[in-house]
Amino acid sequence: MASDMTTDTRKDQAQTGVSESRTPEQRAADHRAEALRAAADAIVRADHGDPFAVLGMQQEAPGRPVEVRAFVPGAEKLWVIDSATGEPAGEAERIHQDGFYLAVMPDRTERFRYRLRAQYPLATQEFEDAYRFGNMLGELDVHLLAEGTHLRNYEKLGAHPREVDGIAGVSFAVWAPSARSVSVVGDFNNWDGRRMPMRRRVEVGVWEIFVPGAHAGQRYKFEIRGPDGNLMPAKADPYAFQAEMRPATASVVHGLSSYDWRDQDWQSRKLAASERTAPISIYEVHLGSWARVPEEDNRFLTYQELAERLIPYAKDMGFTHIELLPITEHPFDGSWGYQPIGLYAPTARHGSPEDFKDFVNACHRAGLGVLLDWVPGHFPTDPHGLGDFDGTHLYEHADPRQGFHQDWNTLIYNFGRTEVQNFLLGNALFWLDQYKLDGLRVDAVASMLYLDYSRKEGEWVPNKFGGRENLESIAFLKRMNELVYGQQPGAMTVAEESTSWPMVSKPTYLGGLGFGYKWNMGWMHDTLHYMQSDPIHRRYHHHEMTFGLIYQFSENFVLPLSHDEVVHGKGSLINKMPGDDWQKFANLRAYYGFMFAHPGKKLLFMGGEFAQWQEWSEARSLDWHLLDQPMHRGMRDLVRDLNGLYRELEPLHRTDCDPSGFEWIESNDNENSVFTFLRKADESGHIVIAVCNFTPVPRQGYRVGVPLPGRYVERMNTDDAKYGGSGVGNPGGGVYAEEIPWHGRTHSLDLTIPPLSTLILERKAE
């Protein structure tokens, strides 16, 4: 059979005049032509892993003629134009019906700058060829990205408007090491994945391309073909600095634009404002529901409108910082931002990245720090997001026992992969550097620390030592804190961590995680449980209010009354309080007084400051109309005055994290449900006394031991009539300490304690 086929072939060759034997050069030419046809077919199918080896100007060897190859679907004719003269250097032949062109120029043996001129049925266009430009990533960038130590990775990956060889355009780069091919698609190429396949930098797994003529404001995604050849859903850029308004999901070319920051005064005070000795009172805000515009289809406020309304309000209320629930781009409003996809993009719900910078700048000019609720613990499964990014489990663990959160139906980052760590570390520094934010509140740290978090036996994978600790995540958190505190003086990190993990807010060189502060979830849980009890039963829960002091100084604590306490059927803070309306308000006022007198930095979620009745919803505005009512205005005024007192009196803030600044005077009066304690900043004799009565019974002649003589002035009475209280208290010039030993101290005060109240008295030396 083989002999017959050979004979037939020879006959065919003889009949067609083809030589029986071809020269090596001819056979090589045939091979090149066949390879080019195969490559052109792969380009047309958007399935070529090395498009720069096929497209653009090619030359077989030095001294040989150059040729230009281009895929221009829809073109009827194509010419190569010499950029130096503007004249055609050659006309291309279409070698594939879908628009693959080849221009061979026998008289050109030196590479030259060129453009392409395409004739379409209705027009002729001239344009730069993306495939004439070289590598976008430098050798050092490639080395650092491969090593996972490129802390400014966002300057290289993603989309960056720039000039290359005098031509304006956008460079695109995306990490997808297992992809068979990657194309950038967008407004600049009719979203055609065949038009701009990217160059693979095999040494780092990054795909890159420079798209001449592309510009800021254009939408784009990455079209990725997985290692099995299947086309993935088009992916948003993990490093995009801007994104479309949901429900649209494309990334938007933006770049790292310069900004005229005018916050020098704040920057000079920023370091002092974050110290453990500073007054830190945080207003936690969800920008999408702080206020809406109901007359305009209940739309969101813009960043500018928020700057005009929210900032003066927070400043007037005496808060030192605003903490934003996640504003990183997220597809689902109901996640409140805790399921982000665009970690490098401020949400388009309120405006552009520049608008957000305006907001931060305005906060700083008003003397307010800005903290971002940051979510490195998980990400959603939306098809345009990070999940299964290049056809493999690139950002997440492949094993669902490690890579899937059952509680939230989200994916978990693979912290053991250096590139994933680098993605997140760069992101943490990005917000502090590019947007000058003053700190990060890190969400759900407990879920990152424990491999068995919210999992049953058999649903988790132990670490290499057989334990439940997530060693890779722990290393990541330590590194993140080291970088933040090492590179961004004055920035703070705050952990939402709900377990007894030791030394969360201690330096890493001492074995801690390195956070600046930790939310005191135990204090919040215990004290709220106490406050929800009927006053007649509080004597049996007395030490829920004191237990927190046993461990108070083991960490640098923030006392949080956060959004988590007013959602999912838990009711608002005012509705947690027992009794009739008057008692509810009195209870909450007394609780706030206790909180502000207690050691620890403060955090209050929006709406709590004026006792909103409704449980919080992200879909509607706060009930600002309640401020028309005296009791709600009184609550707001109380919080404003507590903030002012907290900032004014050093004993109330300087030793928030120092056990030397706190003493119980009486912690065991459960029969009367009264707590008394002392705060001091130093040994100067400047002391503050707090007296809390959590029953509706006024106490006449209640004696409180004090360590020093002098006049004790009532600086705060939460039962004051101006706040909506009954007006019982110790008015006038103050109460003088009598030389009557009490509570183990040499002197004591004879006080009238109002019902359901907190008194704060300051010693004035005589």
# chains A, B, ... in the order shown; residues from 1 in each chain; ligands from 1
$ residues_around --residues "stretch 159-165 of chain A" --least-positions-apart "4" --cutoff "12 Å" --atoms "only C-alpha atoms" --output "PyMOL selection string"
chain A and resi 83+113-114+128+130+132-137+153-155+169-174+184+186+207-222+236-243+251-257+344
$ write_last_selection --atoms "C-alpha atoms" --output "PDB file, in the first residue's frame"
ATOM      1  CA  SER A  83       5.931  55.710   9.909  1.00  0.00           C
ATOM      2  CA  ARG A 113       8.570  51.660  12.515  1.00  0.00           C
ATOM      3  CA  TYR A 114       5.260  51.128  10.822  1.00  0.00           C
ATOM      4  CA  GLU A 128      -0.699  51.598  15.202  1.00  0.00           C
ATOM      5  CA  ALA A 130      -0.155  46.556  19.015  1.00  0.00           C
ATOM      6  CA  ARG A 132       5.120  46.144  17.062  1.00  0.00           C
ATOM      7  CA  PHE A 133       5.701  47.070  20.707  1.00  0.00           C
ATOM      8  CA  GLY A 134       8.072  45.219  23.002  1.00  0.00           C
ATOM      9  CA  ASN A 135       7.824  43.978  26.589  1.00  0.00           C
ATOM     10  CA  MET A 136       5.951  46.157  29.064  1.00  0.00           C
ATOM     11  CA  LEU A 137       7.325  44.614  32.270  1.00  0.00           C
ATOM     12  CA  ASN A 153       2.560  45.529  42.026  1.00  0.00           C
ATOM     13  CA  TYR A 154      -0.448  47.678  41.209  1.00  0.00           C
ATOM     14  CA  GLU A 155       1.871  50.020  39.286  1.00  0.00           C
ATOM     15  CA  GLY A 169      -2.193  53.968  24.708  1.00  0.00           C
ATOM     16  CA  VAL A 170      -2.775  51.613  27.607  1.00  0.00           C
ATOM     17  CA  SER A 171      -0.600  48.768  28.835  1.00  0.00           C
ATOM     18  CA  PHE A 172      -2.488  45.774  30.189  1.00  0.00           C
ATOM     19  CA  ALA A 173      -1.040  42.991  32.345  1.00  0.00           C
ATOM     20  CA  VAL A 174      -2.744  40.131  34.145  1.00  0.00           C
ATOM     21  CA  VAL A 184      -7.837  41.815  26.407  1.00  0.00           C
ATOM     22  CA  GLY A 186     -12.980  46.134  25.454  1.00  0.00           C
ATOM     23  CA  TRP A 207       0.224  38.176  30.138  1.00  0.00           C
ATOM     24  CA  GLU A 208       0.801  41.684  28.795  1.00  0.00           C
ATOM     25  CA  ILE A 209       0.094  43.941  25.838  1.00  0.00           C
ATOM     26  CA  PHE A 210       0.248  47.610  24.928  1.00  0.00           C
ATOM     27  CA  VAL A 211      -2.878  48.775  23.122  1.00  0.00           C
ATOM     28  CA  PRO A 212      -2.128  51.964  21.176  1.00  0.00           C
ATOM     29  CA  GLY A 213      -5.008  54.395  21.062  1.00  0.00           C
ATOM     30  CA  ALA A 214      -6.794  52.929  24.089  1.00  0.00           C
ATOM     31  CA  HIS A 215      -7.480  55.519  26.768  1.00  0.00           C
ATOM     32  CA  ALA A 216      -8.878  56.176  30.230  1.00  0.00           C
ATOM     33  CA  GLY A 217     -12.620  55.680  30.574  1.00  0.00           C
ATOM     34  CA  GLN A 218     -12.844  52.709  28.233  1.00  0.00           C
ATOM     35  CA  ARG A 219     -14.290  49.468  29.565  1.00  0.00           C
ATOM     36  CA  TYR A 220     -12.420  46.183  29.369  1.00  0.00           C
ATOM     37  CA  LYS A 221     -12.115  42.599  30.611  1.00  0.00           C
ATOM     38  CA  PHE A 222      -9.806  39.667  30.042  1.00  0.00           C
ATOM     39  CA  ALA A 236     -12.776  41.712  35.421  1.00  0.00           C
ATOM     40  CA  ASP A 237      -9.266  42.984  36.084  1.00  0.00           C
ATOM     41  CA  PRO A 238      -8.144  42.084  39.637  1.00  0.00           C
ATOM     42  CA  TYR A 239      -6.058  45.287  39.652  1.00  0.00           C
ATOM     43  CA  ALA A 240      -8.625  47.614  38.056  1.00  0.00           C
ATOM     44  CA  PHE A 241      -8.672  51.062  39.646  1.00  0.00           C
ATOM     45  CA  GLN A 242     -12.223  51.704  38.473  1.00  0.00           C
ATOM     46  CA  ALA A 243     -15.241  49.562  37.647  1.00  0.00           C
ATOM     47  CA  SER A 251     -13.380  47.163  34.533  1.00  0.00           C
ATOM     48  CA  VAL A 252     -12.686  50.740  33.463  1.00  0.00           C
ATOM     49  CA  VAL A 253      -9.288  52.040  32.339  1.00  0.00           C
ATOM     50  CA  HIS A 254      -8.192  54.636  34.854  1.00  0.00           C
ATOM     51  CA  GLY A 255      -4.544  54.534  35.854  1.00  0.00           C
ATOM     52  CA  LEU A 256      -2.725  56.032  38.807  1.00  0.00           C
ATOM     53  CA  SER A 257      -3.570  59.695  38.450  1.00  0.00           C
ATOM     54  CA  TYR A 344      -8.337  48.187  43.975  1.00  0.00           C
TER      55      TYR A 344
END
$ residues_around --residues "A:Gly734" --least-positions-apart "6" --cutoff "8 Å" --atoms "only C-alpha atoms" --output "list in words"
Arg711, Tyr712, Val713 and Glu714 of chain A
$ residues_around --residues "A:Asn409" --least-positions-apart "4" --cutoff "10 Å" --atoms "only C-alpha atoms" --output "PyMOL selection string"
chain A and resi 339+378-381+404-405
$ write_last_selection --atoms "N, CA, C and O atoms" --output "short mmCIF file (atom, residue, chain, number, x, y, z; two decimals), in the first residue's frame"
data_model
loop_
_atom_site.label_atom_id
_atom_site.label_comp_id
_atom_site.auth_asym_id
_atom_site.auth_seq_id
_atom_site.Cartn_x
_atom_site.Cartn_y
_atom_site.Cartn_z
N GLN A 339 -18.31 41.35 50.23
CA GLN A 339 -17.99 40.37 49.18
C GLN A 339 -17.44 41.14 47.98
O GLN A 339 -18.10 41.28 46.95
N HIS A 378 -12.03 36.62 52.35
CA HIS A 378 -12.84 35.83 51.42
C HIS A 378 -13.26 36.70 50.25
O HIS A 378 -13.15 37.92 50.29
N PHE A 379 -13.75 36.05 49.19
CA PHE A 379 -14.24 36.78 48.02
C PHE A 379 -15.34 35.97 47.36
O PHE A 379 -15.41 34.74 47.50
N PRO A 380 -16.23 36.64 46.60
CA PRO A 380 -17.42 35.95 46.08
C PRO A 380 -17.12 35.08 44.87
O PRO A 380 -16.05 35.16 44.25
N THR A 381 -18.09 34.28 44.52
CA THR A 381 -17.94 33.30 43.44
C THR A 381 -18.46 33.82 42.10
O THR A 381 -18.54 33.05 41.14
N PHE A 404 -13.31 27.24 50.67
CA PHE A 404 -14.70 27.67 50.56
C PHE A 404 -15.28 27.94 51.95
O PHE A 404 -15.17 27.10 52.84
N HIS A 405 -15.86 29.14 52.10
CA HIS A 405 -16.52 29.50 53.36
C HIS A 405 -17.97 29.06 53.30
O HIS A 405 -18.76 29.59 52.51
#
$ residues_around --residues "A:Phe359" --least-positions-apart "6" --cutoff "8 Å" --atoms "only C-alpha atoms" --output "list in words"
Tyr303, Gln304, Leu306 and Ala307 of chain A
$ write_last_selection --atoms "N, CA, C and O atoms" --output "mmCIF file, in the first residue's frame"
data_model
loop_
_atom_site.group_PDB
_atom_site.id
_atom_site.type_symbol
_atom_site.label_atom_id
_atom_site.label_comp_id
_atom_site.auth_asym_id
_atom_site.auth_seq_id
_atom_site.Cartn_x
_atom_site.Cartn_y
_atom_site.Cartn_z
ATOM 1 N N TYR A 303 -19.965 60.999 46.364
ATOM 2 C CA TYR A 303 -18.875 61.290 47.298
ATOM 3 C C TYR A 303 -18.849 62.780 47.639
ATOM 4 O O TYR A 303 -18.550 63.170 48.780
ATOM 5 N N GLN A 304 -19.170 63.631 46.673
ATOM 6 C CA GLN A 304 -19.192 65.066 46.942
ATOM 7 C C GLN A 304 -20.300 65.417 47.923
ATOM 8 O O GLN A 304 -20.092 66.200 48.863
ATOM 9 N N LEU A 306 -21.625 63.438 50.097
ATOM 10 C CA LEU A 306 -21.236 62.894 51.399
ATOM 11 C C LEU A 306 -20.221 63.810 52.071
ATOM 12 O O LEU A 306 -20.268 64.018 53.298
ATOM 13 N N ALA A 307 -19.298 64.368 51.277
ATOM 14 C CA ALA A 307 -18.327 65.304 51.849
ATOM 15 C C ALA A 307 -19.032 66.537 52.410
ATOM 16 O O ALA A 307 -18.646 67.065 53.460
#
$ residues_around --residues "stretch 701-710 of chain A" --least-positions-apart "2" --cutoff "10 Å" --atoms "only C-alpha atoms" --output "PyMOL selection string"
chain A and resi 665-666+674+676-678+685-689+691+698-699+712-713+734-753+763-766
$ write_last_selection --atoms "N, CA, C and O atoms" --output "short mmCIF file (atom, residue, chain, number, x, y, z; two decimals), in the first residue's frame"
data_model
loop_
_atom_site.label_atom_id
_atom_site.label_comp_id
_atom_site.auth_asym_id
_atom_site.auth_seq_id
_atom_site.Cartn_x
_atom_site.Cartn_y
_atom_site.Cartn_z
N ILE A 665 -13.53 51.18 92.02
CA ILE A 665 -13.86 51.68 93.36
C ILE A 665 -14.83 50.70 94.01
O ILE A 665 -14.62 50.25 95.13
N GLU A 666 -15.85 50.34 93.27
CA GLU A 666 -16.80 49.33 93.75
C GLU A 666 -17.33 48.56 92.54
O GLU A 666 -18.03 49.12 91.70
N VAL A 674 -24.99 49.10 90.80
CA VAL A 674 -24.18 50.32 90.67
C VAL A 674 -22.72 49.91 90.50
O VAL A 674 -22.23 49.00 91.18
N THR A 676 -18.80 51.71 90.19
CA THR A 676 -18.01 52.92 90.31
C THR A 676 -16.55 52.59 90.04
O THR A 676 -16.03 51.57 90.51
N PHE A 677 -15.90 53.44 89.25
CA PHE A 677 -14.49 53.23 88.96
C PHE A 677 -13.80 54.56 88.71
O PHE A 677 -14.45 55.61 88.55
N LEU A 678 -12.49 54.49 88.70
CA LEU A 678 -11.65 55.67 88.60
C LEU A 678 -10.79 55.59 87.36
O LEU A 678 -10.29 54.52 87.01
N GLY A 685 -2.76 63.64 90.09
CA GLY A 685 -3.95 63.91 90.88
C GLY A 685 -5.16 64.29 90.05
O GLY A 685 -6.24 64.51 90.58
N HIS A 686 -4.95 64.36 88.72
CA HIS A 686 -6.09 64.62 87.83
C HIS A 686 -6.81 63.30 87.60
O HIS A 686 -6.35 62.45 86.85
N ILE A 687 -7.94 63.14 88.27
CA ILE A 687 -8.67 61.89 88.19
C ILE A 687 -10.12 62.15 87.80
O ILE A 687 -10.66 63.24 87.98
N VAL A 688 -10.73 61.11 87.24
CA VAL A 688 -12.13 61.14 86.85
C VAL A 688 -12.81 59.95 87.49
O VAL A 688 -12.27 58.83 87.50
N ILE A 689 -13.98 60.19 88.04
CA ILE A 689 -14.76 59.13 88.69
C ILE A 689 -16.02 58.87 87.86
O ILE A 689 -16.71 59.81 87.47
N VAL A 691 -19.68 56.81 87.85
CA VAL A 691 -20.67 56.13 88.69
C VAL A 691 -21.86 55.77 87.80
O VAL A 691 -22.49 56.65 87.22
N PRO A 698 -33.51 56.12 91.88
CA PRO A 698 -32.49 57.11 92.25
C PRO A 698 -31.89 56.75 93.61
O PRO A 698 -32.58 56.19 94.49
N ARG A 699 -30.62 57.05 93.81
CA ARG A 699 -29.92 56.71 95.05
C ARG A 699 -29.49 58.01 95.74
O ARG A 699 -28.61 58.72 95.25
N TYR A 712 -15.13 67.64 93.44
CA TYR A 712 -15.42 66.76 92.32
C TYR A 712 -16.63 67.32 91.57
O TYR A 712 -17.73 67.40 92.12
N VAL A 713 -16.38 67.72 90.32
CA VAL A 713 -17.40 68.42 89.53
C VAL A 713 -18.07 67.44 88.58
O VAL A 713 -17.41 66.65 87.89
N GLY A 734 -20.12 71.53 92.54
CA GLY A 734 -19.45 70.26 92.73
C GLY A 734 -19.65 69.70 94.11
O GLY A 734 -20.27 70.31 94.99
N VAL A 735 -19.12 68.52 94.34
CA VAL A 735 -19.22 67.81 95.61
C VAL A 735 -17.82 67.72 96.21
O VAL A 735 -16.88 67.28 95.54
N TYR A 736 -17.68 68.15 97.45
CA TYR A 736 -16.38 68.10 98.11
C TYR A 736 -16.18 66.74 98.78
O TYR A 736 -17.08 66.19 99.42
N ALA A 737 -14.98 66.23 98.61
CA ALA A 737 -14.64 64.97 99.26
C ALA A 737 -14.56 65.18 100.76
O ALA A 737 -13.95 66.15 101.24
N GLU A 738 -15.17 64.26 101.47
CA GLU A 738 -15.12 64.32 102.94
C GLU A 738 -14.07 63.33 103.44
O GLU A 738 -13.81 62.31 102.82
N GLU A 739 -13.50 63.65 104.58
CA GLU A 739 -12.46 62.78 105.13
C GLU A 739 -13.11 61.62 105.87
O GLU A 739 -12.94 61.40 107.07
N ILE A 740 -13.91 60.90 105.11
CA ILE A 740 -14.60 59.72 105.62
C ILE A 740 -14.11 58.53 104.81
O ILE A 740 -14.38 58.45 103.60
N PRO A 741 -13.34 57.63 105.39
CA PRO A 741 -12.83 56.48 104.62
C PRO A 741 -13.99 55.64 104.07
O PRO A 741 -14.98 55.40 104.76
N TRP A 742 -13.83 55.22 102.84
CA TRP A 742 -14.86 54.40 102.18
C TRP A 742 -14.23 53.66 101.02
O TRP A 742 -13.32 54.16 100.36
N HIS A 743 -14.68 52.45 100.81
CA HIS A 743 -14.14 51.65 99.70
C HIS A 743 -12.62 51.55 99.76
O HIS A 743 -11.94 51.52 98.74
N GLY A 744 -12.10 51.53 100.98
CA GLY A 744 -10.65 51.38 101.14
C GLY A 744 -9.87 52.62 100.81
O GLY A 744 -8.63 52.55 100.64
N ARG A 745 -10.53 53.78 100.73
CA ARG A 745 -9.85 55.02 100.40
C ARG A 745 -10.06 56.04 101.52
O ARG A 745 -10.99 55.93 102.32
N THR A 746 -9.19 57.03 101.55
CA THR A 746 -9.16 57.95 102.69
C THR A 746 -10.32 58.93 102.69
O THR A 746 -10.69 59.46 103.74
N HIS A 747 -10.88 59.21 101.53
CA HIS A 747 -11.95 60.19 101.43
C HIS A 747 -13.12 59.57 100.67
O HIS A 747 -12.98 58.51 100.05
N SER A 748 -14.24 60.30 100.71
CA SER A 748 -15.42 59.80 99.99
C SER A 748 -16.33 60.95 99.62
O SER A 748 -16.25 62.05 100.17
N LEU A 749 -17.21 60.65 98.66
CA LEU A 749 -18.20 61.61 98.19
C LEU A 749 -19.59 61.14 98.57
O LEU A 749 -19.89 59.95 98.49
N ASP A 750 -20.41 62.08 98.95
CA ASP A 750 -21.82 61.80 99.23
C ASP A 750 -22.61 62.25 97.99
O ASP A 750 -22.79 63.44 97.76
N LEU A 751 -23.06 61.27 97.20
CA LEU A 751 -23.64 61.59 95.89
C LEU A 751 -25.12 61.26 95.82
O LEU A 751 -25.62 60.35 96.51
N THR A 752 -25.80 62.00 94.96
CA THR A 752 -27.14 61.63 94.51
C THR A 752 -26.99 61.00 93.13
O THR A 752 -26.50 61.65 92.20
N ILE A 753 -27.40 59.75 93.02
CA ILE A 753 -27.23 59.04 91.75
C ILE A 753 -28.59 58.95 91.07
O ILE A 753 -29.52 58.36 91.62
N ARG A 763 -12.08 65.56 89.24
CA ARG A 763 -11.52 66.18 90.44
C ARG A 763 -10.84 67.49 90.09
O ARG A 763 -10.04 67.56 89.17
N LYS A 764 -11.19 68.51 90.85
CA LYS A 764 -10.55 69.82 90.74
C LYS A 764 -9.78 70.06 92.03
O LYS A 764 -10.38 70.17 93.11
N ALA A 765 -8.47 70.12 91.92
CA ALA A 765 -7.66 70.34 93.12
C ALA A 765 -7.93 71.73 93.69
O ALA A 765 -8.03 72.72 92.95
N GLU A 766 -8.06 71.82 94.98
CA GLU A 766 -8.31 73.12 95.65
C GLU A 766 -7.01 73.72 96.15
O GLU A 766 -6.12 73.00 96.59
#
$ residues_around --residues "A:Asp719" --least-positions-apart "3" --cutoff "9 Å" --atoms "only C-alpha atoms" --output "PyMOL selection string"
chain A and resi 586+589-590+716+722-729+754-759
$ select_by_dssp --residues "stretch 417-662 of chain A" --states "helix (DSSP H, G or I)" --output "ChimeraX atom specification"
/A:418-434,445-449,471-487,508-510,521-532,535-544,548-554,563-566,573-576,581-597,608-610,624-628,630-648,650-652,659-661
$ decode --residues "stretch 699-719 of chain A" --atoms "N, CA, C and O atoms" --output "CSV table (one decimal), in the first residue's frame"
chain,number,residue,atom,x,y,z
A,699,ARG,N,-30.6,57.1,93.8
A,699,ARG,CA,-29.9,56.7,95.0
A,699,ARG,C,-29.5,58.0,95.7
A,699,ARG,O,-28.6,58.7,95.2
A,700,GLN,N,-30.1,58.3,96.9
A,700,GLN,CA,-29.7,59.5,97.6
A,700,GLN,C,-28.6,59.1,98.7
A,700,GLN,O,-28.7,58.0,99.2
A,701,GLY,N,-27.7,59.9,98.9
A,701,GLY,CA,-26.6,59.7,99.9
A,701,GLY,C,-25.8,58.5,99.6
A,701,GLY,O,-25.3,57.8,100.5
A,702,TYR,N,-25.5,58.2,98.3
A,702,TYR,CA,-24.7,57.1,97.9
A,702,TYR,C,-23.2,57.5,98.1
A,702,TYR,O,-22.8,58.4,97.4
A,703,ARG,N,-22.5,56.8,98.9
A,703,ARG,CA,-21.1,57.2,99.2
A,703,ARG,C,-20.2,56.4,98.3
A,703,ARG,O,-20.3,55.2,98.2
A,704,VAL,N,-19.2,57.2,97.8
A,704,VAL,CA,-18.2,56.6,96.9
A,704,VAL,C,-16.8,57.0,97.4
A,704,VAL,O,-16.6,58.2,97.6
A,705,GLY,N,-16.0,56.1,97.6
A,705,GLY,CA,-14.6,56.3,98.1
A,705,GLY,C,-13.8,56.9,97.0
A,705,GLY,O,-13.8,56.5,95.8
A,706,VAL,N,-12.9,57.9,97.4
A,706,VAL,CA,-12.0,58.6,96.4
A,706,VAL,C,-10.6,58.7,97.1
A,706,VAL,O,-10.5,58.7,98.3
A,707,PRO,N,-9.6,58.6,96.3
A,707,PRO,CA,-8.2,58.6,96.9
A,707,PRO,C,-7.7,59.9,97.3
A,707,PRO,O,-6.7,60.0,98.1
A,708,LEU,N,-8.3,61.0,96.9
A,708,LEU,CA,-7.7,62.4,97.1
A,708,LEU,C,-8.8,63.3,97.6
A,708,LEU,O,-10.0,63.2,97.1
A,709,PRO,N,-8.5,64.3,98.4
A,709,PRO,CA,-9.4,65.3,98.7
A,709,PRO,C,-9.6,66.3,97.5
A,709,PRO,O,-8.9,66.2,96.5
A,710,GLY,N,-10.6,67.2,97.7
A,710,GLY,CA,-10.8,68.1,96.6
A,710,GLY,C,-12.3,68.2,96.2
A,710,GLY,O,-13.1,67.5,96.8
A,711,ARG,N,-12.5,69.0,95.2
A,711,ARG,CA,-13.8,69.2,94.7
A,711,ARG,C,-14.0,68.4,93.5
A,711,ARG,O,-13.2,68.4,92.5
A,712,TYR,N,-15.1,67.6,93.4
A,712,TYR,CA,-15.4,66.8,92.3
A,712,TYR,C,-16.6,67.3,91.6
A,712,TYR,O,-17.7,67.4,92.1
A,713,VAL,N,-16.4,67.7,90.3
A,713,VAL,CA,-17.4,68.4,89.5
A,713,VAL,C,-18.1,67.4,88.6
A,713,VAL,O,-17.4,66.7,87.9
A,714,GLU,N,-19.4,67.5,88.5
A,714,GLU,CA,-20.1,66.7,87.6
A,714,GLU,C,-20.0,67.2,86.2
A,714,GLU,O,-20.6,68.2,85.8
A,715,ARG,N,-19.2,66.4,85.4
A,715,ARG,CA,-19.0,66.8,84.0
A,715,ARG,C,-19.9,66.2,83.1
A,715,ARG,O,-20.1,66.7,81.9
A,716,MET,N,-20.5,65.1,83.5
A,716,MET,CA,-21.5,64.4,82.6
A,716,MET,C,-22.6,63.8,83.5
A,716,MET,O,-22.2,63.0,84.5
A,717,ASN,N,-23.8,64.0,83.2
A,717,ASN,CA,-24.9,63.3,83.9
A,717,ASN,C,-25.9,62.9,82.8
A,717,ASN,O,-26.5,63.7,82.1
A,718,THR,N,-25.9,61.6,82.4
A,718,THR,CA,-26.7,61.2,81.3
A,718,THR,C,-28.2,61.3,81.6
A,718,THR,O,-29.1,61.2,80.7
A,719,ASP,N,-28.6,61.7,82.9
A,719,ASP,CA,-30.0,61.9,83.2
A,719,ASP,C,-30.3,63.4,83.2
A,719,ASP,O,-31.4,63.8,83.6
